[in-house]
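Trainee: Dumping the structure here so I can ask a few things about it.
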Amino acid sequence: MGQPAWPIWGEDCVSALTPPADGLEQLGAEYRSGAHALDTDFFQPCLARCTSYNRAVGYFTSHALAAWADAVPRMLTEPNASVRLVVGPMLLPEDRAALLELADEEARMHYRQRMADTLLEEALTRLMSGSAHARLKLFSWLIATERLQIRFAFPAHVPDADLYHEKFGIFHFPNAARLAFTGSANETAGGYRQNFEYVDVFRSWVAEDTARVESKSDKFEATWNGSAPGLIIRTPSADVLERIGNLRERTSEGAISVPRSWEHQDRAMAKFLARKRGILEMATGTGKTRTALRIAAHLLSTGEISGLIVSTAGNDLLDQWAREIRADPALKQLVLYRHYGSHHDIGRFTLHTQGSILLCSRQALPELRRSFANASDSNLLIVQDEVHGFGSPMMRRELTGFHKSFPYVLGLSATPEREYDEEGNEFLENEIGPVLFTFGVDEAIRNGILCPFRYIAVEYDLTDSDRQRLRQVFARREAASEAGQPWPDERLYRELSYVYKTAEEKPQRFRELIRDNPDVLQSSIVFVETRAFGELFLETIGFATTAYSTYFDDDSKERLQELSAGDLDCLVCCKRLSEGIDVRHLRNVILVSSNRGRLQTIQRIGRTLRTDPNSPGKIANVIDFVWREAAPDHADAQRREWLQWLSTIRPQGTVAKGA
């Protein structure tokens with residue numbers, strides 16, 4: 001039985017005949033003890049270069065980890081590097097007898113589970129000796145972070161089945177290259193070197209081998225998913241995995257160096273899986289999307305969900321989710337449905353949720369709810385990205401209670417709290433769940449996940465006309481109150497804020513800034529309040545660079561692609577680029593306007609705080625327009641104080657604190 005016939009996106013597929021890099025095209029068609037050392041000639045070169053390793057093996061010992069030494073650096077630094085092992089337990093005669101005597105299938109299932117757990121715990125116990133302590137820390141960390149996943153195979157093809165004795169594996173390399181092998185070697189020290197063993201090798205970049213590679217891949221997936229006839233697959237219990245996680249904590253002193261850039265994602269993932277419903281509050285650029293996809297991949301692999309829904313606002317952000325899913329080895333073979341822009345796939349998704357992913361706009365959620373009313377029950381994870389936007393009055397009116405039918409509900413945001421909206425915040429907690437994990441901008445900079453920045457304040461004054469506009473706001477509020485229609489505080493703050501955001505002196509201060517510092521328009525985004533107000537800045541920008549454009553609601557998304565490619569120096573936009581867009585080489589963000597709440601500011605400065613692999617010493621610039629006379633409680637003064645403090649933070653060697 002092979003994998004389901006899920007489609008694969010053509011643009012992501014590289015020719016099956018493309019060899020991997022690093023000289024692996026020289027790998028032979030077979031390896032045999034005496035002529036070869038299986039560990040150094042075959043296993044280690046493959047492990048050191050693979051992106052994932054799938055192994056079905058009759059017997060596995062922790063000593064095999066020693067032969068993985070060259071693979072460990074890749075498993076620590078590559079976010080998607082992983083090993084999946086299907087292991088055949090060595091059944092003692094009394095174990096086989098006990099299984100045969102248990103007539104009740106549920107009792108047999110529990111017995112197999114205990115056996116699987118015992119085997120894993122005994123492996124850890126054997127590693128507790130001083131000579132194996134390093135392997136213990138590595139082994140427990142790999143399992144706790146799911147870099148290493150183990151399942152146990154119990155034969156049931158005949159009444160008195162003995163051993164699971166298959167021995168084959170598949171290496172996945174960059175460029176979509178794969179290598180399958182089969183042979184007598186186990187994942188043990190003896191299997192690698194001391195025993196006399198052989199392996200036959202099949203390479204996807206050799207035309208006559210491709211069918212065998214595909215066949216072995218299909219057989220492994222069927223085995224891993226428990227759909228291979230005649231096999232019962234057991235996964236280590238949650239209790240055992242928790243004890244392994246605790247062991248990882250106990251061995252933290254002097255432990256292996258785990259990249260901090262992934263550690264916070266591991267902790268966020270663990271928090272969510274323990275609670276099943278809630279919000280991950282993670283600063284822009286710290287991997288909210290990657291964490292969510294890792295959660296989805298884990299739940300799909302364990303069978304706890306059959307599909308995934310992701311909803312957010314903005315076609316650009318949904319397109320970015322699509323790209324991330326297509327690049328994810330664990331998810332890219334699922335059927336991808338979309339319902340936003342020109343895509344209208346809700347109906348098809350609700351008919352075929354198993355093995356499928358739906359990306360949909362937030363505005364489409366009421367339609368999705370109606371479609372599910374007539375759909376069969378499905379185990380799905382639903383992700384609300386930029387979850388603060390989900391608490392709007394329309395969402396509350398249309399979707400109260402919608403998420404109760406989902407076994408897993410995940411919210412993502414840099415700052416989930418809705419300012420001046422207690423009803424919206426209560427709705428978010430009731431519908432999505434509480435904040436489970438927090439990882440702020442300050443932690444991210446200290447840990448080198450976001451880059452540090454310089455803060456430059458550009459002061460402006462209010463003109464007489466601006467002050468008259470402020471007086472008019474208060475006059476309109478008083479008139480509304482006298483008419484029996486009092487304004488809520490939120491409306492007053494919003495209308496006063498609009499005056500400061502569009503202050504008449506800002507274009508002049510901007511001209512002076514560019515005159516004295518023209519370089520700040522190189523690789524920059526300028527955030528303004530409205531399109532009409534933003535057009536007042538274009539002439540000044542045009543004097544400094546001709547490679548600029550606007551990016552308002554009706555502008556082509558090609559402008560963003562041109563900025564990402566470095567073809568544009570500067571984009572002028574309102575809210576469209578605030579959320580979730582990744583342009584790593586950006587160096588300057590100019591806040592001509594920004595909200596009182598920190599949410600929008602975090603999102604906007606996050607556009608330029610992403611680290612750039614092509615510029616490891618990157619220090620960004622955040623240029624902020626602030627009212628010269630602002631009192632301490634004014635939005636401009638509070639934002640200035642906070643950004644000045646953040647700008648003093650530099651990467652350190654300290655480990656990030658938990659949630």
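Ligands are numbered from 1 in the order shown, residues from 1 within each chain, and chains are lettered A, B, ... in the order they appear in the structure tokens.
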Report as a list of chain:residue names all protein, DNA and RNA residues lying within 10 Å of A:Leu365, evaluated on only C-alpha atoms, omitting residues in the same chain fewer than 3 positions from it.
Mentor: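 Close residues of A:Leu365: A:Ser311, A:Thr312, A:His339, A:Ile346, A:Cys360, A:Ser361, A:Arg362, A:Leu368, A:Arg369, A:Arg370, A:Ser371, A:Met395, A:Glu398, A:Leu399, A:Phe402.
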Trainee: Residues of stretch 255-382 of chain A in alpha helix (DSSP H) according to DSSP, as a ChimeraX atom specification?
Mentor: /A:260-275,288-301,315-327,346-351,365-372
Trainee: Just the residues within 10 Å of A:Arg84, please, counting only C-alpha atoms, with nothing from its chain fewer than 3 positions along; format it as a PyMOL selection string.
Mentor: chain A and resi 52-56+87+146-151+169-170+220+224
Trainee: Residues at most 7 Å from stretch 426-431 of chain A, counting only C-alpha atoms, excluding those fewer than 2 positions away in the same chain, as number ranges by chain?
Mentor: A: 391, 396, 400-401, 403, 422-424, 433-434
Trainee: Hey, can you spit out that residue selection with N, CA and C atoms as a short mmCIF file (atom, residue, chain, number, x, y, z; two decimals), in the first residue's frame?
Mentor:
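Saved result, result-v4.cif, follows:
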```
data_model
loop_
_atom_site.label_atom_id
_atom_site.label_comp_id
_atom_site.auth_asym_id
_atom_site.auth_seq_id
_atom_site.Cartn_x
_atom_site.Cartn_y
_atom_site.Cartn_z
N GLY A 391 -10.65 39.58 16.50
CA GLY A 391 -11.57 40.01 17.55
C GLY A 391 -12.49 41.14 17.15
N ARG A 396 -17.02 38.66 15.91
CA ARG A 396 -17.78 38.27 17.11
C ARG A 396 -19.23 37.95 16.74
N THR A 400 -18.94 33.45 16.84
CA THR A 400 -18.94 33.00 18.22
C THR A 400 -19.29 31.52 18.28
N GLY A 401 -18.44 30.74 18.93
CA GLY A 401 -18.66 29.30 19.08
C GLY A 401 -18.13 28.45 17.95
N HIS A 403 -15.12 27.77 16.86
CA HIS A 403 -13.91 26.99 17.07
C HIS A 403 -14.08 25.84 18.07
N GLU A 422 -12.21 45.57 25.22
CA GLU A 422 -12.31 44.47 26.17
C GLU A 422 -13.19 43.34 25.63
N GLU A 423 -14.26 43.71 24.91
CA GLU A 423 -15.13 42.69 24.34
C GLU A 423 -14.35 41.83 23.34
N GLY A 424 -13.54 42.47 22.50
CA GLY A 424 -12.75 41.73 21.55
C GLY A 424 -11.74 40.82 22.22
N GLY A 433 -8.44 30.84 23.00
CA GLY A 433 -7.76 30.37 24.21
C GLY A 433 -6.84 31.44 24.76
N PRO A 434 -6.23 31.20 25.90
CA PRO A 434 -5.34 32.20 26.52
C PRO A 434 -3.99 32.26 25.82
#
```
Trainee: Per DSSP on the backbone, filter stretch 438-538 of chain A down to the residues in strand (DSSP E or B) and report them as a list in words.
Mentor: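 Strand (DSSP E or B) members of stretch 438-538 of chain A, listed: Thr438, Phe439, Leu450, Phe453, Arg454, Tyr455, Ile456, Ala457, Val458, Glu459, Tyr460, Ser524, Ile525, Val526 and Phe527 of chain A.
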Trainee: Using the selection just defined, write its residues with all heavy atoms as a short mmCIF file (atom, residue, chain, number, x, y, z; two decimals), in the first residue's frame.
Mentor:
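That gives us part30.cif:
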```
data_model
loop_
_atom_site.label_atom_id
_atom_site.label_comp_id
_atom_site.auth_asym_id
_atom_site.auth_seq_id
_atom_site.Cartn_x
_atom_site.Cartn_y
_atom_site.Cartn_z
N THR A 438 5.03 33.62 25.44
CA THR A 438 5.39 34.98 25.02
C THR A 438 6.88 35.04 24.74
O THR A 438 7.71 34.58 25.55
CB THR A 438 5.02 35.99 26.12
OG1 THR A 438 3.61 35.95 26.34
CG2 THR A 438 5.41 37.40 25.68
N PHE A 439 7.22 35.59 23.60
CA PHE A 439 8.62 35.78 23.22
C PHE A 439 8.71 37.14 22.53
O PHE A 439 8.33 37.30 21.38
CB PHE A 439 9.09 34.66 22.28
CG PHE A 439 10.58 34.62 22.07
CD1 PHE A 439 11.42 34.13 23.06
CD2 PHE A 439 11.14 35.07 20.89
CE1 PHE A 439 12.79 34.08 22.88
CE2 PHE A 439 12.51 35.02 20.70
CZ PHE A 439 13.34 34.53 21.69
N LEU A 450 16.55 38.46 16.15
CA LEU A 450 16.33 39.71 15.43
C LEU A 450 17.58 40.56 15.56
O LEU A 450 18.34 40.43 16.53
CB LEU A 450 15.12 40.45 15.99
CG LEU A 450 13.76 39.76 15.87
CD1 LEU A 450 12.67 40.64 16.47
CD2 LEU A 450 13.43 39.42 14.42
N PHE A 453 18.99 47.66 16.47
CA PHE A 453 18.70 48.82 15.63
C PHE A 453 19.08 50.12 16.33
O PHE A 453 19.22 50.18 17.56
CB PHE A 453 17.22 48.84 15.24
CG PHE A 453 16.26 49.11 16.37
CD1 PHE A 453 15.79 50.40 16.64
CD2 PHE A 453 15.79 48.07 17.17
CE1 PHE A 453 14.91 50.64 17.68
CE2 PHE A 453 14.90 48.30 18.21
CZ PHE A 453 14.46 49.60 18.46
N ARG A 454 19.27 51.14 15.51
CA ARG A 454 19.46 52.51 16.00
C ARG A 454 18.11 53.22 15.95
O ARG A 454 17.35 53.04 15.01
CB ARG A 454 20.46 53.27 15.14
CG ARG A 454 21.82 52.60 14.98
CD ARG A 454 22.71 53.44 14.07
NE ARG A 454 23.94 52.74 13.72
CZ ARG A 454 24.07 51.96 12.66
NH1 ARG A 454 23.02 51.79 11.84
NH2 ARG A 454 25.20 51.37 12.40
N TYR A 455 17.86 54.05 16.95
CA TYR A 455 16.60 54.81 16.99
C TYR A 455 16.89 56.28 16.72
O TYR A 455 17.77 56.88 17.34
CB TYR A 455 15.92 54.66 18.34
CG TYR A 455 14.65 55.48 18.47
CD1 TYR A 455 13.51 55.12 17.77
CD2 TYR A 455 14.61 56.62 19.28
CE1 TYR A 455 12.35 55.87 17.88
CE2 TYR A 455 13.46 57.38 19.40
CZ TYR A 455 12.34 57.00 18.69
OH TYR A 455 11.18 57.74 18.79
N ILE A 456 16.18 56.84 15.75
CA ILE A 456 16.34 58.25 15.38
C ILE A 456 14.98 58.92 15.47
O ILE A 456 14.05 58.54 14.75
CB ILE A 456 16.90 58.38 13.95
CG1 ILE A 456 18.24 57.62 13.83
CG2 ILE A 456 17.06 59.84 13.56
CD1 ILE A 456 18.69 57.39 12.41
N ALA A 457 14.85 59.90 16.36
CA ALA A 457 13.59 60.63 16.52
C ALA A 457 13.62 61.90 15.68
O ALA A 457 14.58 62.67 15.75
CB ALA A 457 13.35 60.97 17.99
N VAL A 458 12.59 62.10 14.88
CA VAL A 458 12.42 63.33 14.10
C VAL A 458 11.26 64.10 14.72
O VAL A 458 10.12 63.64 14.67
CB VAL A 458 12.13 63.02 12.62
CG1 VAL A 458 11.89 64.31 11.84
CG2 VAL A 458 13.28 62.22 12.01
N GLU A 459 11.55 65.23 15.33
CA GLU A 459 10.52 65.97 16.04
C GLU A 459 9.76 66.91 15.09
O GLU A 459 10.35 67.50 14.18
CB GLU A 459 11.15 66.78 17.17
CG GLU A 459 11.75 65.90 18.26
CD GLU A 459 12.29 66.72 19.42
OE1 GLU A 459 12.69 67.88 19.20
OE2 GLU A 459 12.32 66.19 20.56
N TYR A 460 8.47 67.01 15.34
CA TYR A 460 7.63 67.94 14.57
C TYR A 460 6.78 68.76 15.53
O TYR A 460 6.55 68.36 16.69
CB TYR A 460 6.74 67.18 13.58
CG TYR A 460 5.67 66.33 14.25
CD1 TYR A 460 4.40 66.85 14.52
CD2 TYR A 460 5.92 65.00 14.60
CE1 TYR A 460 3.43 66.08 15.15
CE2 TYR A 460 4.96 64.23 15.21
CZ TYR A 460 3.71 64.77 15.48
OH TYR A 460 2.74 64.01 16.10
N SER A 524 14.29 50.71 2.16
CA SER A 524 13.47 51.32 3.20
C SER A 524 11.98 51.15 2.92
O SER A 524 11.56 50.92 1.78
CB SER A 524 13.79 52.82 3.31
OG SER A 524 13.34 53.50 2.15
N ILE A 525 11.21 51.29 3.99
CA ILE A 525 9.75 51.39 3.92
C ILE A 525 9.35 52.63 4.70
O ILE A 525 9.82 52.85 5.82
CB ILE A 525 9.05 50.16 4.50
CG1 ILE A 525 9.41 48.90 3.72
CG2 ILE A 525 7.53 50.35 4.49
CD1 ILE A 525 8.82 47.64 4.31
N VAL A 526 8.48 53.44 4.11
CA VAL A 526 7.95 54.64 4.76
C VAL A 526 6.47 54.37 5.05
O VAL A 526 5.68 54.13 4.13
CB VAL A 526 8.10 55.88 3.86
CG1 VAL A 526 7.53 57.11 4.56
CG2 VAL A 526 9.57 56.09 3.49
N PHE A 527 6.11 54.39 6.33
CA PHE A 527 4.72 54.15 6.73
C PHE A 527 4.02 55.49 6.95
O PHE A 527 4.46 56.31 7.76
CB PHE A 527 4.66 53.32 8.01
CG PHE A 527 4.96 51.87 7.80
CD1 PHE A 527 6.20 51.35 8.15
CD2 PHE A 527 4.02 51.02 7.24
CE1 PHE A 527 6.50 50.01 7.96
CE2 PHE A 527 4.30 49.68 7.04
CZ PHE A 527 5.54 49.17 7.40
#
```
Trainee: Considering only C-alpha atoms, can you say which of A:Cys574, A:Asp316, A:Ala444, A:Glu324 comes closest to A:Glu558?
Mentor: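 Result for the nearest residue to A:Glu558: A:Asp316.
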Trainee: Could you give me, as a ChimeraX atom specification, the residues within 10 Å of stretch 291-306 of chain A, counting only C-alpha atoms and dropping anything in the same chain fewer than 6 positions from it?
Mentor: /A:79-80,146,149,224-226,235,262,264-270,272-273,280,282,321,324-325,328-331,353-357,378-383,385,406-408,410-412
Trainee: Could you name the residues that touch A:Cys46 at 10 Å or less, counting only C-alpha atoms, but leaving out those on the same chain fewer than 4 positions away, as a PyMOL selection string?
Mentor: chain A and resi 24+27+39-42+50-53+68+70-71+170-173+179
Trainee: Pick from A:Ala483, A:Val199, A:Leu47, A:Val335: nearest to A:Ser33, with only C-alpha atoms counted?
Mentor: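 For A:Ser33, the nearest of the given residues is A:Val199.
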Trainee: Between atom CA of A:Glu562 and atom CA of A:Tyr548, measure the distance and give it in Å to one decimal.
Mentor: 9.7 Å
